[in-house]
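Have a look at start-v2.txt; it's compact mmCIF, C-alpha atoms and all ligand atoms:
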```
# COMPACT_ATOMS: atom_id res chain seq x y z
CA MET N 1 -22.75 22.02 -3.63
CA ASP N 2 -26.02 20.13 -3.53
CA GLY N 3 -28.35 21.27 -0.77
CA LEU N 4 -31.09 19.41 0.99
CA GLY N 5 -33.39 19.96 -1.98
CA THR N 6 -36.40 17.72 -1.79
CA SER N 7 -34.69 15.10 0.40
CA ARG N 8 -36.73 14.07 3.37
CA ASN N 9 -33.97 13.39 5.88
CA ILE N 10 -30.35 14.30 6.54
CA VAL N 11 -28.07 11.27 6.69
CA ILE N 12 -24.61 11.63 8.22
CA VAL N 13 -22.01 9.06 7.20
CA GLY N 14 -18.31 8.81 7.96
CA PHE N 15 -15.56 6.86 9.64
CA MET N 16 -15.60 6.20 13.39
CA GLY N 17 -14.58 9.35 15.26
CA THR N 18 -15.60 11.88 12.63
CA GLY N 19 -18.23 13.35 15.00
CA LYS N 20 -21.43 12.03 13.41
CA SER N 21 -23.30 11.56 16.69
CA THR N 22 -22.40 14.95 18.17
CA VAL N 23 -23.11 16.83 14.95
CA SER N 24 -26.44 15.03 14.54
CA ARG N 25 -27.45 16.11 18.04
CA LEU N 26 -26.69 19.76 17.31
CA LEU N 27 -28.40 19.66 13.93
CA SER N 28 -31.57 18.06 15.23
CA GLU N 29 -31.80 20.70 17.97
CA ARG N 30 -31.36 23.53 15.50
CA LEU N 31 -33.78 22.14 12.92
CA GLY N 32 -36.31 20.80 15.41
CA TRP N 33 -36.08 17.43 13.65
CA GLU N 34 -35.99 14.06 15.34
CA ARG N 35 -32.54 12.53 15.75
CA ILE N 36 -31.81 8.88 15.21
CA ASP N 37 -28.44 7.31 15.84
CA THR N 38 -28.53 3.90 14.17
CA ASP N 39 -26.17 2.34 16.75
CA GLU N 40 -28.38 3.57 19.62
CA GLU N 41 -31.48 2.35 17.81
CA ILE N 42 -29.91 -1.09 17.27
CA GLU N 43 -29.02 -1.26 20.98
CA ARG N 44 -32.57 -0.24 21.92
CA ARG N 45 -34.19 -2.81 19.63
CA SER N 46 -31.86 -5.69 20.37
CA GLY N 47 -31.48 -5.02 24.08
CA LEU N 48 -27.72 -5.53 23.63
CA THR N 49 -24.78 -3.16 23.47
CA ILE N 50 -22.87 -3.02 20.17
CA PRO N 51 -19.94 -5.05 21.62
CA GLN N 52 -22.40 -7.66 22.95
CA LEU N 53 -24.15 -7.84 19.58
CA PHE N 54 -20.83 -8.36 17.76
CA ALA N 55 -19.94 -11.07 20.28
CA GLU N 56 -23.28 -12.87 19.94
CA GLU N 57 -24.11 -12.44 16.26
CA GLY N 58 -20.81 -11.49 14.65
CA GLU N 59 -20.23 -8.54 12.34
CA GLU N 60 -22.66 -9.87 9.70
CA GLY N 61 -25.40 -10.20 12.30
CA PHE N 62 -24.76 -6.62 13.40
CA ARG N 63 -24.84 -5.47 9.75
CA ASP N 64 -28.24 -7.11 9.30
CA TRP N 65 -29.60 -5.13 12.23
CA GLU N 66 -28.05 -2.00 10.77
CA SER N 67 -29.68 -2.51 7.36
CA ARG N 68 -33.10 -3.12 8.91
CA VAL N 69 -32.88 -0.05 11.14
CA LEU N 70 -31.70 2.15 8.29
CA GLU N 71 -34.54 1.07 6.03
CA ASP N 72 -37.14 1.72 8.74
CA VAL N 73 -35.74 5.07 9.76
CA LEU N 74 -35.30 6.37 6.22
CA ALA N 75 -38.90 5.59 5.34
CA GLY N 76 -39.85 8.57 7.52
CA SER N 77 -39.05 12.24 7.08
CA ARG N 78 -37.58 15.23 8.96
CA LYS N 79 -35.03 13.11 10.72
CA VAL N 80 -31.34 13.66 11.26
CA VAL N 81 -29.81 10.19 10.98
CA ALA N 82 -26.33 9.46 12.34
CA THR N 83 -25.10 6.17 10.91
CA GLY N 84 -22.38 3.79 12.11
CA GLY N 85 -19.06 4.04 10.28
CA GLY N 86 -19.61 0.76 8.42
CA ALA N 87 -23.22 1.39 7.37
CA VAL N 88 -21.95 2.46 3.94
CA LEU N 89 -20.38 -0.92 3.21
CA ARG N 90 -23.54 -2.53 1.84
CA GLU N 91 -24.77 -1.24 -1.49
CA ARG N 92 -28.33 -1.78 -0.33
CA ASN N 93 -27.73 0.68 2.52
CA ARG N 94 -26.10 3.26 0.26
CA ARG N 95 -29.10 3.12 -2.05
CA ALA N 96 -31.53 3.47 0.86
CA MET N 97 -29.61 6.50 2.17
CA LEU N 98 -29.57 8.28 -1.20
CA ALA N 99 -33.25 7.53 -1.76
CA GLY N 100 -34.30 8.70 1.69
CA GLY N 101 -32.10 11.66 2.44
CA TRP N 102 -29.37 14.15 1.75
CA VAL N 103 -26.16 12.27 2.50
CA VAL N 104 -23.29 14.19 4.07
CA SER N 105 -19.93 12.57 4.75
CA LEU N 106 -17.74 13.71 7.63
CA THR N 107 -14.01 13.04 7.31
CA ALA N 108 -10.97 13.69 9.46
CA ASP N 109 -7.25 13.06 9.14
CA ARG N 110 -5.80 9.89 10.62
CA ASP N 111 -4.22 11.55 13.67
CA SER N 112 -7.46 13.31 14.63
CA LEU N 113 -9.38 10.06 14.28
CA ILE N 114 -6.92 8.10 16.39
CA HIS N 115 -6.99 10.80 19.05
CA ARG N 116 -10.79 10.76 19.16
CA VAL N 117 -11.35 7.00 19.12
CA THR N 118 -8.73 6.33 21.79
CA SER N 119 -10.16 8.88 24.23
CA SER N 120 -11.23 7.35 27.53
CA ALA N 121 -14.94 7.89 26.75
CA ALA N 122 -14.60 5.83 23.57
CA ALA N 123 -12.74 2.94 25.17
CA GLY N 124 -14.37 -0.45 24.68
CA THR N 125 -17.29 0.85 22.62
CA ARG N 126 -16.04 -0.19 19.17
CA PRO N 127 -15.42 -3.90 18.64
CA LEU N 128 -13.57 -3.35 15.36
CA LEU N 129 -10.90 -1.34 17.18
CA GLU N 130 -10.23 -3.75 20.04
CA GLY N 131 -6.56 -4.38 20.70
CA ASP N 132 -4.24 -2.09 18.77
CA ALA N 133 -6.72 0.68 17.91
CA GLU N 134 -4.15 2.73 16.02
CA ALA N 135 -3.21 -0.15 13.71
CA LYS N 136 -6.86 -1.04 13.21
CA VAL N 137 -7.85 2.53 12.33
CA THR N 138 -5.01 2.65 9.81
CA ALA N 139 -6.04 -0.62 8.16
CA LEU N 140 -9.76 0.24 8.09
CA LEU N 141 -9.08 3.71 6.71
CA GLN N 142 -7.17 2.07 3.88
CA SER N 143 -9.84 -0.53 3.12
CA ARG N 144 -12.62 2.07 3.33
CA ARG N 145 -10.83 4.87 1.53
CA HIS N 146 -13.54 5.22 -1.14
CA ALA N 147 -16.46 3.94 0.92
CA TYR N 148 -17.88 7.39 1.65
CA ASP N 149 -17.42 8.86 -1.84
CA PHE N 150 -21.07 8.36 -2.74
CA ALA N 151 -22.15 11.13 -0.34
CA GLN N 152 -23.53 14.33 -1.82
CA ALA N 153 -21.36 16.58 0.35
CA THR N 154 -18.19 16.11 2.39
CA ILE N 155 -16.85 18.08 5.36
CA ASP N 156 -13.35 17.65 6.76
CA THR N 157 -13.85 17.95 10.52
CA SER N 158 -10.15 17.73 11.50
CA ARG N 159 -9.90 21.37 12.46
CA LEU N 160 -13.56 22.21 13.05
CA SER N 161 -15.68 21.96 16.17
CA PRO N 162 -18.94 19.99 16.00
CA THR N 163 -20.76 23.34 16.25
CA ASP N 164 -18.89 24.64 13.18
CA VAL N 165 -19.75 21.48 11.24
CA ALA N 166 -23.43 21.66 12.19
CA GLN N 167 -23.48 25.35 11.18
CA MET N 168 -21.98 24.55 7.77
CA MET N 169 -24.66 21.97 7.19
CA LEU N 170 -27.39 24.36 8.30
CA ASN N 171 -26.11 27.00 5.89
CA TRP N 172 -26.47 24.53 3.04
CA VAL N 173 -29.89 23.40 4.10
CA ARG N 174 -31.39 26.84 4.57
C1 LIG Z 1 -18.54 0.61 13.05
C2 LIG Z 1 -18.75 1.86 13.59
C3 LIG Z 1 -19.48 2.07 14.85
C4 LIG Z 1 -20.48 0.93 15.09
C5 LIG Z 1 -19.77 -0.40 15.01
C6 LIG Z 1 -19.09 -0.63 13.66
C7 LIG Z 1 -17.78 0.50 11.78
O1 LIG Z 1 -20.18 3.31 14.81
O2 LIG Z 1 -21.52 0.98 14.15
O3 LIG Z 1 -18.85 -0.46 16.07
O4 LIG Z 1 -17.84 -0.57 11.13
O5 LIG Z 1 -17.13 1.50 11.37
P1 LIG Z 1 -19.44 4.76 14.93
O6 LIG Z 1 -18.98 5.15 13.57
O7 LIG Z 1 -20.52 5.65 15.45
O8 LIG Z 1 -18.32 4.61 15.90
```
Rewrite the coordinates I just gave you, this time as structure tokens.
Ligand code: S3P
Amino acid sequence: MDGLGTSRNIVIVGFMGTGKSTVSRLLSERLGWERIDTDEEIERRSGLTIPQLFAEEGEEGFRDWESRVLEDVLAGSRKVVATGGGAVLRERNRRAMLAGGWVVSLTADRDSLIHRVTSSAAAGTRPLLEGDAEAKVTALLQSRRHAYDFAQATIDTSRLSPTDVAQMMLNWVR
């Protein structure tokens, strides 16, 4: 398993509901590194929520924000970066992530993902899952089945707590 090595940042990728945000929070606390969540950073910079941004600028407009934020954030160092589930779709972003950090992919089985993304706290926060969230997760999982393969390490979070996942990552880093 590749460790952090000389990478400057830790980049967490993975499908919606794999726990990227929570794990990034724990990791940044334990490492004393700054945490950036690209969705939160996009909302801060644009002054819009993610659903508002999708409504006003469409998915491509949102993806442009995402690419710009990723490039800026990855130019720095000692950051734990939680990315949005679709940040891996552009090759340009994948290259920026590999150049700027150690890329770890979080996965989970379909049932765990559906359970997590349909929880009341998650309701209405993800435009790509509006309507029949279960059907949309299934279709997106299929279309993105190899999208996270470029990561240097993968952790299946289905039966792990966020604390367990963060600890596994810390063990690799240290
Ligand atoms: C998206 C995932 C979301 C957010 C946006 C699009 C995706 O982030 O960036 O709604 O395309 O998978 P999370 O993975 O944090 O839910």
- Shell around Val23 in chain N at 12 Å using all atoms listed in the file, local window under 2 positions removed, as a PyMOL selection string: chain N and resi 10-14+17-21+25-30+35-37+80-83+104-106+155+157+160-170
- Note on the structure: Of N:Arg45, N:His115, N:Arg126, N:Arg63, the one nearest to ligand LIG 1 (chain Z) when counting all atoms listed in the file is N:Arg126
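Restricting the calculation to all atoms listed in the file, the smallest distance between Glu134 in chain N and any of N:Asp156, N:Glu56, N:Asp111, N:Glu71 is found for N:Asp111.
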Please write out, as JSON, where the centre of an axis-aligned box around all listed atoms of ligand LIG 1 (chain Z) lies and how long its edges are, in Å to one decimal, after adding 5 Å on each side.
```
{"center_x": -19.3, "center_y": 2.5, "center_z": 13.6, "size_x": 14.4, "size_y": 16.3, "size_z": 14.9}
```
Protein/DNA/RNA residues near (-33.1, 11.4, -0.1), cut 7 Å, only C-alpha atoms, as a short mmCIF file (atom, residue, chain, number, x, y, z; two decimals) with C-alpha atoms, in the coordinates of the input:
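Result saved to part-v4.cif:
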```
data_model
loop_
_atom_site.label_atom_id
_atom_site.label_comp_id
_atom_site.auth_asym_id
_atom_site.auth_seq_id
_atom_site.Cartn_x
_atom_site.Cartn_y
_atom_site.Cartn_z
CA SER N 7 -34.69 15.10 0.40
CA ARG N 8 -36.73 14.07 3.37
CA ASN N 9 -33.97 13.39 5.88
CA MET N 97 -29.61 6.50 2.17
CA LEU N 98 -29.57 8.28 -1.20
CA ALA N 99 -33.25 7.53 -1.76
CA GLY N 100 -34.30 8.70 1.69
CA GLY N 101 -32.10 11.66 2.44
CA TRP N 102 -29.37 14.15 1.75
#
```
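For the atom pair formed by CA of Trp33 in chain N and CA of Lys79 in chain N, the distance is 5.3 Å, given to one decimal.
Coordinates place CA of Gly85 in chain N at a distance of 14.6 Å from CA of Pro51 in chain N.
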- Message: Restricting the calculation to all atoms listed in the file: of N:Ala139, N:Ser24, N:Thr107, N:Ser112, which residue gets closest to Ala153 in chain N?
- Response: N:Thr107
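Of note, CA of Ser143 in chain N and CA of Ala121 in chain N are spaced 25.6 Å apart.
Distances here use all atoms listed in the file; by that measure, the residue among N:Gly32, N:Ile114, N:Tyr148, N:Ala75 closest to Asp132 in chain N is N:Ile114.
Residues of protein or nucleic acid lying within 6 Å of ligand LIG 1 (chain Z), counting all atoms listed in the file, are N:Phe15, N:Met16, N:Asp39, N:Gly84, N:Gly85, N:Gly86, N:Arg126, N:Pro127.
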Could N, CA and C atoms be built for range 132-145 of chain N and written out as a PDB file, in the frame of the given file?
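Everything below was put into result26.pdb:
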```
ATOM      1  N   ASP N 132      -5.053  -3.225  19.222  1.00  0.00           N
ATOM      2  CA  ASP N 132      -4.240  -2.090  18.770  1.00  0.00           C
ATOM      3  C   ASP N 132      -5.103  -1.147  17.919  1.00  0.00           C
ATOM      4  N   ALA N 133      -5.761  -0.192  18.599  1.00  0.00           N
ATOM      5  CA  ALA N 133      -6.720   0.680  17.910  1.00  0.00           C
ATOM      6  C   ALA N 133      -6.061   1.474  16.781  1.00  0.00           C
ATOM      7  N   GLU N 134      -4.832   1.903  17.033  1.00  0.00           N
ATOM      8  CA  GLU N 134      -4.150   2.730  16.020  1.00  0.00           C
ATOM      9  C   GLU N 134      -3.931   1.928  14.735  1.00  0.00           C
ATOM     10  N   ALA N 135      -3.467   0.702  14.885  1.00  0.00           N
ATOM     11  CA  ALA N 135      -3.210  -0.150  13.710  1.00  0.00           C
ATOM     12  C   ALA N 135      -4.535  -0.476  13.014  1.00  0.00           C
ATOM     13  N   LYS N 136      -5.571  -0.679  13.806  1.00  0.00           N
ATOM     14  CA  LYS N 136      -6.860  -1.040  13.210  1.00  0.00           C
ATOM     15  C   LYS N 136      -7.479   0.133  12.466  1.00  0.00           C
ATOM     16  N   VAL N 137      -7.348   1.335  13.031  1.00  0.00           N
ATOM     17  CA  VAL N 137      -7.850   2.530  12.330  1.00  0.00           C
ATOM     18  C   VAL N 137      -7.114   2.663  10.990  1.00  0.00           C
ATOM     19  N   THR N 138      -5.804   2.495  11.020  1.00  0.00           N
ATOM     20  CA  THR N 138      -5.010   2.650   9.810  1.00  0.00           C
ATOM     21  C   THR N 138      -5.447   1.658   8.735  1.00  0.00           C
ATOM     22  N   ALA N 139      -5.642   0.408   9.129  1.00  0.00           N
ATOM     23  CA  ALA N 139      -6.040  -0.620   8.160  1.00  0.00           C
ATOM     24  C   ALA N 139      -7.454  -0.372   7.629  1.00  0.00           C
ATOM     25  N   LEU N 140      -8.369   0.007   8.529  1.00  0.00           N
ATOM     26  CA  LEU N 140      -9.760   0.240   8.090  1.00  0.00           C
ATOM     27  C   LEU N 140      -9.855   1.478   7.207  1.00  0.00           C
ATOM     28  N   LEU N 141      -9.067   2.501   7.549  1.00  0.00           N
ATOM     29  CA  LEU N 141      -9.080   3.710   6.710  1.00  0.00           C
ATOM     30  C   LEU N 141      -8.646   3.363   5.289  1.00  0.00           C
ATOM     31  N   GLN N 142      -7.662   2.485   5.197  1.00  0.00           N
ATOM     32  CA  GLN N 142      -7.170   2.070   3.880  1.00  0.00           C
ATOM     33  C   GLN N 142      -8.253   1.275   3.135  1.00  0.00           C
ATOM     34  N   SER N 143      -8.862   0.314   3.830  1.00  0.00           N
ATOM     35  CA  SER N 143      -9.840  -0.530   3.120  1.00  0.00           C
ATOM     36  C   SER N 143     -11.124   0.233   2.813  1.00  0.00           C
ATOM     37  N   ARG N 144     -11.388   1.298   3.565  1.00  0.00           N
ATOM     38  CA  ARG N 144     -12.620   2.070   3.330  1.00  0.00           C
ATOM     39  C   ARG N 144     -12.363   3.393   2.635  1.00  0.00           C
ATOM     40  N   ARG N 145     -11.200   3.529   1.972  1.00  0.00           N
ATOM     41  CA  ARG N 145     -10.830   4.870   1.530  1.00  0.00           C
ATOM     42  C   ARG N 145     -11.810   5.469   0.531  1.00  0.00           C
TER      43      ARG N 145
END
```
